[in-house]
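Structure file entry-v4.txt; described as compact mmCIF, C-alpha atoms.
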```txt
# COMPACT_ATOMS: atom_id res chain seq x y z
CA MET V 17 -14.99 -19.84 -40.68
CA LEU V 18 -12.22 -17.62 -39.31
CA ARG V 19 -9.19 -19.65 -38.16
CA MET V 20 -7.19 -17.73 -35.57
CA ILE V 21 -3.79 -18.12 -33.92
CA LEU V 22 -4.18 -16.71 -30.40
CA VAL V 23 -0.98 -15.42 -28.79
CA GLY V 24 -1.15 -15.24 -25.00
CA TYR V 25 -3.96 -17.78 -24.67
CA LEU V 26 -3.16 -18.50 -20.99
CA GLY V 27 -3.29 -14.87 -19.92
CA ARG V 28 -6.31 -13.07 -18.47
CA MET V 29 -7.51 -11.78 -21.81
CA GLY V 30 -6.40 -14.95 -23.60
CA LYS V 31 -8.71 -17.06 -21.47
CA THR V 32 -11.57 -14.64 -22.09
CA MET V 33 -10.85 -14.84 -25.82
CA LEU V 34 -11.07 -18.64 -25.69
CA GLU V 35 -14.45 -18.47 -23.96
CA THR V 36 -15.79 -15.86 -26.37
CA ALA V 37 -14.51 -17.67 -29.46
CA ALA V 38 -16.02 -20.95 -28.24
CA SER V 39 -19.48 -19.35 -28.35
CA ASP V 40 -18.99 -18.06 -31.91
CA PRO V 41 -19.63 -20.72 -34.58
CA GLU V 42 -17.78 -18.61 -37.17
CA VAL V 43 -14.48 -18.64 -35.23
CA GLN V 44 -12.01 -21.46 -34.72
CA ILE V 45 -8.81 -21.32 -32.67
CA ALA V 46 -6.19 -22.80 -35.00
CA ALA V 47 -3.38 -22.70 -32.42
CA GLY V 48 -2.52 -21.20 -29.04
CA ILE V 49 0.81 -19.56 -28.23
CA ASP V 50 2.01 -18.87 -24.71
CA LEU V 51 5.32 -18.93 -22.85
CA ARG V 52 3.64 -21.20 -20.26
CA ALA V 53 2.20 -23.63 -22.82
CA GLY V 54 4.46 -26.39 -21.45
CA GLU V 55 2.71 -26.07 -18.06
CA ASP V 56 -0.79 -26.23 -19.56
CA ARG V 57 -2.44 -29.45 -18.41
CA ASP V 58 -5.91 -28.71 -19.79
CA GLY V 59 -6.91 -30.68 -22.83
CA ARG V 60 -7.18 -28.21 -25.69
CA PRO V 61 -9.00 -28.79 -28.98
CA PHE V 62 -6.13 -27.00 -30.74
CA PRO V 63 -2.32 -27.35 -30.78
CA THR V 64 -0.31 -25.19 -28.37
CA TYR V 65 3.23 -23.85 -28.52
CA GLY V 66 5.60 -21.93 -26.28
CA ARG V 67 7.01 -20.02 -29.25
CA ILE V 68 5.12 -18.76 -32.26
CA GLU V 69 8.06 -19.72 -34.47
CA ASP V 70 7.20 -23.41 -33.83
CA CYS V 71 3.66 -23.04 -35.17
CA ALA V 72 3.06 -24.17 -38.74
CA ASP V 73 -0.71 -24.64 -38.52
CA PRO V 74 -2.88 -23.06 -41.25
CA ALA V 75 -4.74 -19.94 -40.09
CA ASP V 76 -6.43 -16.81 -41.40
CA CYS V 77 -5.13 -14.31 -38.84
CA ILE V 78 -3.20 -13.78 -35.61
CA VAL V 79 -4.58 -12.08 -32.52
CA ASP V 80 -2.02 -10.99 -29.93
CA PHE V 81 -3.05 -10.49 -26.29
CA SER V 82 0.33 -11.30 -24.81
CA TRP V 83 3.34 -9.40 -23.44
CA ALA V 84 5.10 -6.37 -24.87
CA ASP V 85 8.51 -8.02 -25.26
CA GLY V 86 7.05 -10.80 -27.40
CA VAL V 87 5.25 -8.62 -29.94
CA PRO V 88 8.25 -8.09 -32.29
CA CYS V 89 8.52 -11.87 -32.82
CA VAL V 90 4.79 -12.03 -33.56
CA VAL V 91 5.14 -9.24 -36.12
CA ASP V 92 8.05 -11.04 -37.79
CA TYR V 93 6.02 -14.26 -37.94
CA ALA V 94 3.02 -12.49 -39.46
CA LEU V 95 5.24 -10.89 -42.07
CA ALA V 96 6.92 -14.18 -42.95
CA ARG V 97 3.54 -15.87 -43.45
CA LYS V 98 1.81 -12.83 -44.98
CA MET V 99 -0.90 -13.15 -42.34
CA PRO V 100 -3.25 -10.44 -41.00
CA LEU V 101 -2.37 -9.40 -37.45
CA VAL V 102 -4.42 -7.88 -34.62
CA VAL V 103 -2.21 -6.41 -31.86
CA CYS V 104 -4.06 -5.77 -28.59
CA THR V 105 -1.04 -5.83 -26.26
CA THR V 106 -0.24 -2.56 -24.46
CA GLY V 107 2.96 -1.05 -23.08
CA LEU V 108 4.79 -1.31 -26.41
CA SER V 109 8.01 0.62 -26.99
CA GLU V 110 8.30 3.28 -29.69
CA GLU V 111 10.62 0.90 -31.55
CA CYS V 112 7.95 -1.80 -31.54
CA GLU V 113 5.25 0.64 -32.65
CA ALA V 114 7.51 1.67 -35.54
CA LYS V 115 8.00 -2.00 -36.44
CA ILE V 116 4.22 -2.44 -36.55
CA ARG V 117 3.81 0.58 -38.82
CA THR V 118 6.47 -0.76 -41.17
CA ALA V 119 4.84 -4.21 -41.20
CA SER V 120 1.51 -2.66 -42.17
CA GLU V 121 3.01 -1.67 -45.50
CA SER V 122 3.12 -5.37 -46.42
CA ILE V 123 0.31 -6.98 -44.39
CA PRO V 124 -2.93 -5.79 -42.77
CA VAL V 125 -2.34 -4.85 -39.12
CA PHE V 126 -5.07 -3.83 -36.69
CA ARG V 127 -3.57 -1.93 -33.75
CA SER V 128 -5.53 -0.67 -30.77
CA ALA V 129 -4.71 -0.18 -27.11
CA ASN V 130 -8.36 -0.83 -26.29
CA MET V 131 -10.72 -3.07 -28.26
CA SER V 132 -13.93 -1.61 -26.78
CA LEU V 133 -16.35 0.19 -29.10
CA GLY V 134 -17.40 2.35 -26.15
CA VAL V 135 -13.83 3.54 -25.50
CA SER V 136 -13.50 4.48 -29.16
CA LEU V 137 -16.58 6.68 -28.81
CA LEU V 138 -15.16 8.11 -25.56
CA LYS V 139 -12.09 9.22 -27.53
CA THR V 140 -14.28 10.88 -30.17
CA LEU V 141 -16.29 12.76 -27.54
CA ALA V 142 -13.14 13.78 -25.62
CA VAL V 143 -11.61 15.23 -28.78
CA LYS V 144 -14.75 17.24 -29.52
CA ALA V 145 -14.93 18.49 -25.93
CA ALA V 146 -11.26 19.49 -25.97
CA LYS V 147 -11.70 21.54 -29.14
CA THR V 148 -14.73 23.24 -27.62
CA LEU V 149 -13.57 23.85 -24.04
CA TYR V 150 -9.79 24.26 -23.93
CA GLY V 151 -9.88 27.69 -25.55
CA SER V 152 -12.38 28.77 -22.88
CA GLY V 153 -9.93 28.10 -20.07
CA PHE V 154 -10.72 24.50 -19.18
CA ASP V 155 -7.94 22.27 -17.83
CA ILE V 156 -7.77 18.63 -18.96
CA GLU V 157 -6.97 15.62 -16.79
CA ILE V 158 -7.20 11.89 -17.57
CA VAL V 159 -7.79 9.29 -14.85
CA GLU V 160 -7.59 5.53 -15.37
CA ARG V 161 -8.35 2.73 -12.89
CA HIS V 162 -7.35 -0.94 -13.27
CA HIS V 163 -6.94 -4.12 -11.23
CA ASN V 164 -3.88 -4.67 -9.05
CA GLN V 165 -2.36 -7.20 -11.45
CA LYS V 166 -1.94 -4.81 -14.40
CA LEU V 167 1.71 -4.42 -15.34
CA ASP V 168 1.89 -1.12 -17.24
CA ALA V 169 0.97 2.37 -16.09
CA PRO V 170 -0.50 4.55 -17.36
CA SER V 171 -2.72 2.24 -19.36
CA GLY V 172 -2.45 2.09 -23.12
CA THR V 173 -5.95 3.54 -23.31
CA ALA V 174 -5.02 6.54 -21.16
CA VAL V 175 -2.05 7.19 -23.45
CA LEU V 176 -4.35 6.82 -26.48
CA LEU V 177 -6.77 9.39 -25.03
CA GLU V 178 -3.97 11.80 -24.16
CA LYS V 179 -2.49 11.62 -27.65
CA ALA V 180 -5.89 12.07 -29.30
CA VAL V 181 -6.71 15.15 -27.22
CA ASN V 182 -3.20 16.53 -27.66
CA GLU V 183 -3.35 16.14 -31.43
CA ALA V 184 -6.75 17.83 -31.51
CA LEU V 185 -5.20 20.84 -29.74
CA GLY V 186 -2.28 21.13 -32.15
CA GLY V 187 0.13 18.69 -30.51
CA GLU V 188 1.66 21.30 -28.22
CA MET V 189 0.23 20.02 -24.92
CA ARG V 190 2.50 18.41 -22.34
CA PRO V 191 1.49 15.11 -20.69
CA VAL V 192 2.30 15.10 -16.97
CA TYR V 193 2.34 11.70 -15.28
CA ASP V 194 3.57 12.64 -11.83
CA ARG V 195 3.47 15.89 -9.88
CA THR V 196 5.25 14.49 -6.83
CA GLY V 197 7.76 17.00 -5.49
CA VAL V 198 6.63 19.69 -7.91
CA ARG V 199 5.87 22.95 -6.16
CA GLY V 200 4.11 25.36 -8.43
CA LYS V 201 0.86 26.10 -10.17
CA ARG V 202 -0.49 23.90 -12.91
CA SER V 203 0.46 25.23 -16.34
CA ARG V 204 -2.07 25.64 -19.13
CA ASP V 205 -0.28 23.27 -21.48
CA GLU V 206 -0.53 20.26 -19.13
CA ILE V 207 -2.64 17.15 -19.63
CA GLY V 208 -2.48 15.30 -16.33
CA VAL V 209 -2.55 11.50 -16.60
CA HIS V 210 -3.23 9.53 -13.42
CA ALA V 211 -3.16 5.76 -12.78
CA ILE V 212 -5.02 3.94 -10.00
CA ARG V 213 -4.38 0.25 -9.27
CA GLY V 214 -6.50 -1.86 -6.96
CA GLY V 215 -8.76 -4.84 -6.49
CA THR V 216 -10.36 -6.37 -9.55
CA ILE V 217 -11.26 -3.20 -11.49
CA VAL V 218 -11.55 -4.29 -15.12
CA GLY V 219 -10.88 -0.85 -16.56
CA ASP V 220 -12.29 2.65 -16.00
CA HIS V 221 -11.26 5.75 -17.93
CA SER V 222 -12.33 9.36 -17.46
CA VAL V 223 -11.41 12.58 -19.22
CA VAL V 224 -12.04 15.55 -16.94
CA PHE V 225 -12.51 19.10 -18.24
CA ALA V 226 -12.31 21.52 -15.30
CA GLY V 227 -13.24 25.14 -15.93
CA ARG V 228 -14.26 28.07 -13.78
CA ASP V 229 -17.16 26.93 -11.60
CA GLU V 230 -17.98 23.92 -13.81
CA VAL V 231 -16.63 20.46 -14.56
CA LEU V 232 -17.42 18.12 -17.43
CA GLU V 233 -16.35 14.48 -17.05
CA ILE V 234 -16.65 11.91 -19.84
CA SER V 235 -16.24 8.35 -18.60
CA HIS V 236 -16.26 4.72 -19.69
CA SER V 237 -16.39 1.73 -17.36
CA ALA V 238 -15.71 -1.84 -18.46
CA ARG V 239 -17.77 -4.37 -16.49
CA SER V 240 -16.08 -7.45 -17.93
CA LYS V 241 -13.20 -8.42 -20.19
CA GLU V 242 -15.65 -9.94 -22.66
CA ILE V 243 -16.18 -6.56 -24.33
CA PHE V 244 -12.51 -6.51 -25.35
CA ALA V 245 -12.70 -10.07 -26.66
CA VAL V 246 -15.76 -9.26 -28.77
CA GLY V 247 -13.97 -6.23 -30.17
CA ALA V 248 -10.87 -8.31 -30.96
CA LEU V 249 -12.96 -10.89 -32.83
CA ARG V 250 -14.61 -8.12 -34.84
CA ALA V 251 -11.18 -6.66 -35.57
CA ALA V 252 -9.92 -10.06 -36.74
CA GLY V 253 -12.85 -10.44 -39.10
CA PHE V 254 -12.37 -6.88 -40.35
CA THR V 255 -8.64 -7.35 -41.02
CA ALA V 256 -8.83 -10.78 -42.65
CA GLY V 257 -9.05 -10.35 -46.41
CA LYS V 258 -7.37 -6.94 -46.45
CA ALA V 259 -4.21 -6.66 -48.57
CA SER V 260 -2.22 -4.36 -46.27
CA GLY V 261 -2.56 -1.25 -44.14
CA LEU V 262 -2.66 -0.05 -40.54
CA PHE V 263 -6.16 -0.08 -39.09
CA GLY V 264 -7.76 0.84 -35.77
CA MET V 265 -11.08 1.09 -33.97
CA ASP V 266 -12.14 4.14 -35.99
CA ASP V 267 -11.91 2.06 -39.16
CA LEU V 268 -13.91 -0.77 -37.60
CA ILE V 269 -16.62 1.57 -36.34
CA GLY V 270 -16.74 3.22 -39.76
CA GLU V 271 -17.46 -0.16 -41.34
CA ILE V 272 -20.09 -0.99 -38.72
CA THR V 273 -21.89 2.35 -39.12
CA GLY V 274 -21.37 2.59 -42.86
CA GLY V 275 -19.27 5.70 -42.42
CA CYS V 276 -22.01 7.63 -40.63
```
Just give me the structure of the file as structure tokens.
Amino acid sequence: MLRMILVGYLGRMGKTMLETAASDPEVQIAAGIDLRAGEDRDGRPFPTYGRIEDCADPADCIVDFSWADGVPCVVDYALARKMPLVVCTTGLSEECEAKIRTASESIPVFRSANMSLGVSLLKTLAVKAAKTLYGSGFDIEIVERHHNQKLDAPSGTAVLLEKAVNEALGGEMRPVYDRTGVRGKRSRDEIGVHAIRGGTIVGDHSVVFAGRDEVLEISHSARSKEIFAVGALRAAGFTAGKASGLFGMDDLIGEITGGC
């Protein structure tokens, strides 16, 4: 039985996590943390808190699907209790990312901007395509689409894809997030990153390779938030029991496939 502290349990993904965990007999929510916990009038089968510092319930891991500003406190709590941590929150500052990397030297931390197995494969395919096509004159653009309630732009997944492609090409590419007011031709070292917000789009990501007279587009479309919850539960199970280290979806997929 995996006992989990869920941070952000009243958010969109938090609610999906509760539903997904409820259908898994091997998972138990040990406690829920949310800034709005005091307004929660639903009877919960677990204790709830507005601040993670107030939680003293025994648990095997922490899963964070909350807000960027609250992540540093969650990291400090995990360190103090020597507890495995899964960080799914996006829009983190460089300072916070550095704090996570430092924490991983003492505890196991699973960090991913997207918990979908399909998105992880999209990244792998995009990297391979970039290595194959960029040298033949193809331009690279990334397009992401999300619902109108999403706070950060571009999405953490779009940034993840851009960084992966950039690294594959030697790290000398230049991400361009806005061409408004720019008069001039597109330069070869650009990776355009575009954000669309509207309706109830769960999450769509595409990497476009545009060459002379041909276009290759690699895409992933999320049909529900459940896929991210399933990935988070798998990540929690993967991280629990580890001594320390910084892990991601590539590590999880490697375990699932046996390294194939």
Spatial neighbours of V:Thr64, 12 Å, all atoms listed in the file, chain gap at least 6 places, as a JSON list (two decimals) with C-alpha atoms, keeping the file's coordinate frame:
```
[["chain", "number", "residue", "atom", "x", "y", "z"],
["V", 21, "ILE", "CA", -3.79, -18.12, -33.92],
["V", 22, "LEU", "CA", -4.18, -16.71, -30.40],
["V", 23, "VAL", "CA", -0.98, -15.42, -28.79],
["V", 24, "GLY", "CA", -1.15, -15.24, -25.00],
["V", 25, "TYR", "CA", -3.96, -17.78, -24.67],
["V", 26, "LEU", "CA", -3.16, -18.50, -20.99],
["V", 45, "ILE", "CA", -8.81, -21.32, -32.67],
["V", 46, "ALA", "CA", -6.19, -22.80, -35.00],
["V", 47, "ALA", "CA", -3.38, -22.70, -32.42],
["V", 48, "GLY", "CA", -2.52, -21.20, -29.04],
["V", 49, "ILE", "CA", 0.81, -19.56, -28.23],
["V", 50, "ASP", "CA", 2.01, -18.87, -24.71],
["V", 51, "LEU", "CA", 5.32, -18.93, -22.85],
["V", 52, "ARG", "CA", 3.64, -21.20, -20.26],
["V", 53, "ALA", "CA", 2.20, -23.63, -22.82],
["V", 54, "GLY", "CA", 4.46, -26.39, -21.45],
["V", 55, "GLU", "CA", 2.71, -26.07, -18.06],
["V", 56, "ASP", "CA", -0.79, -26.23, -19.56],
["V", 57, "ARG", "CA", -2.44, -29.45, -18.41],
["V", 58, "ASP", "CA", -5.91, -28.71, -19.79],
["V", 70, "ASP", "CA", 7.20, -23.41, -33.83],
["V", 71, "CYS", "CA", 3.66, -23.04, -35.17],
["V", 72, "ALA", "CA", 3.06, -24.17, -38.74],
["V", 73, "ASP", "CA", -0.71, -24.64, -38.52]]
```
Nearest candidate to V:Met17 (options V:Gln44, V:Thr196, V:Ser39, V:Ser222; using only C-alpha atoms):
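Nearest candidate to V:Met17 out of V:Gln44, V:Thr196, V:Ser39, V:Ser222: V:Gln44.
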Quick one, how far is atom CA of V:Ser122 from atom CA of V:Asp267?
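A separation of 18.3 Å between them.
The coordinates place atom CA of V:Phe62 at 19.7 Å from atom CA of V:Gly253.
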Find the nearest atom pair between each residue of stretch 144-173 of chain V and stretch 123-132 of chain V for residues within 10 Å, count all atoms listed in the file, give distances in Å to one decimal, sort rows by chain and ascending number, and present the table as a tab-separated table.
```
residue	atom	partner	partner_atom	distance
V:Ser171	CA	V:Ala129	CA	8.4
V:Gly172	CA	V:Ala129	CA	5.1
V:Thr173	CA	V:Ala129	CA	5.5
```
Please, what distance in Å, to one decimal, runs between atom CA of V:Thr36 and atom CA of V:Ala96?
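Separation of atom CA of V:Thr36 and atom CA of V:Ala96: 28.2 Å.
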Have a look at V:Asp194, V:Asp266, V:Glu188, V:Glu157 and name the one nearest to V:Val231; count all atoms listed in the file.
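Ranking V:Asp194, V:Asp266, V:Glu188, V:Glu157 by distance to V:Val231, first place goes to V:Glu157.
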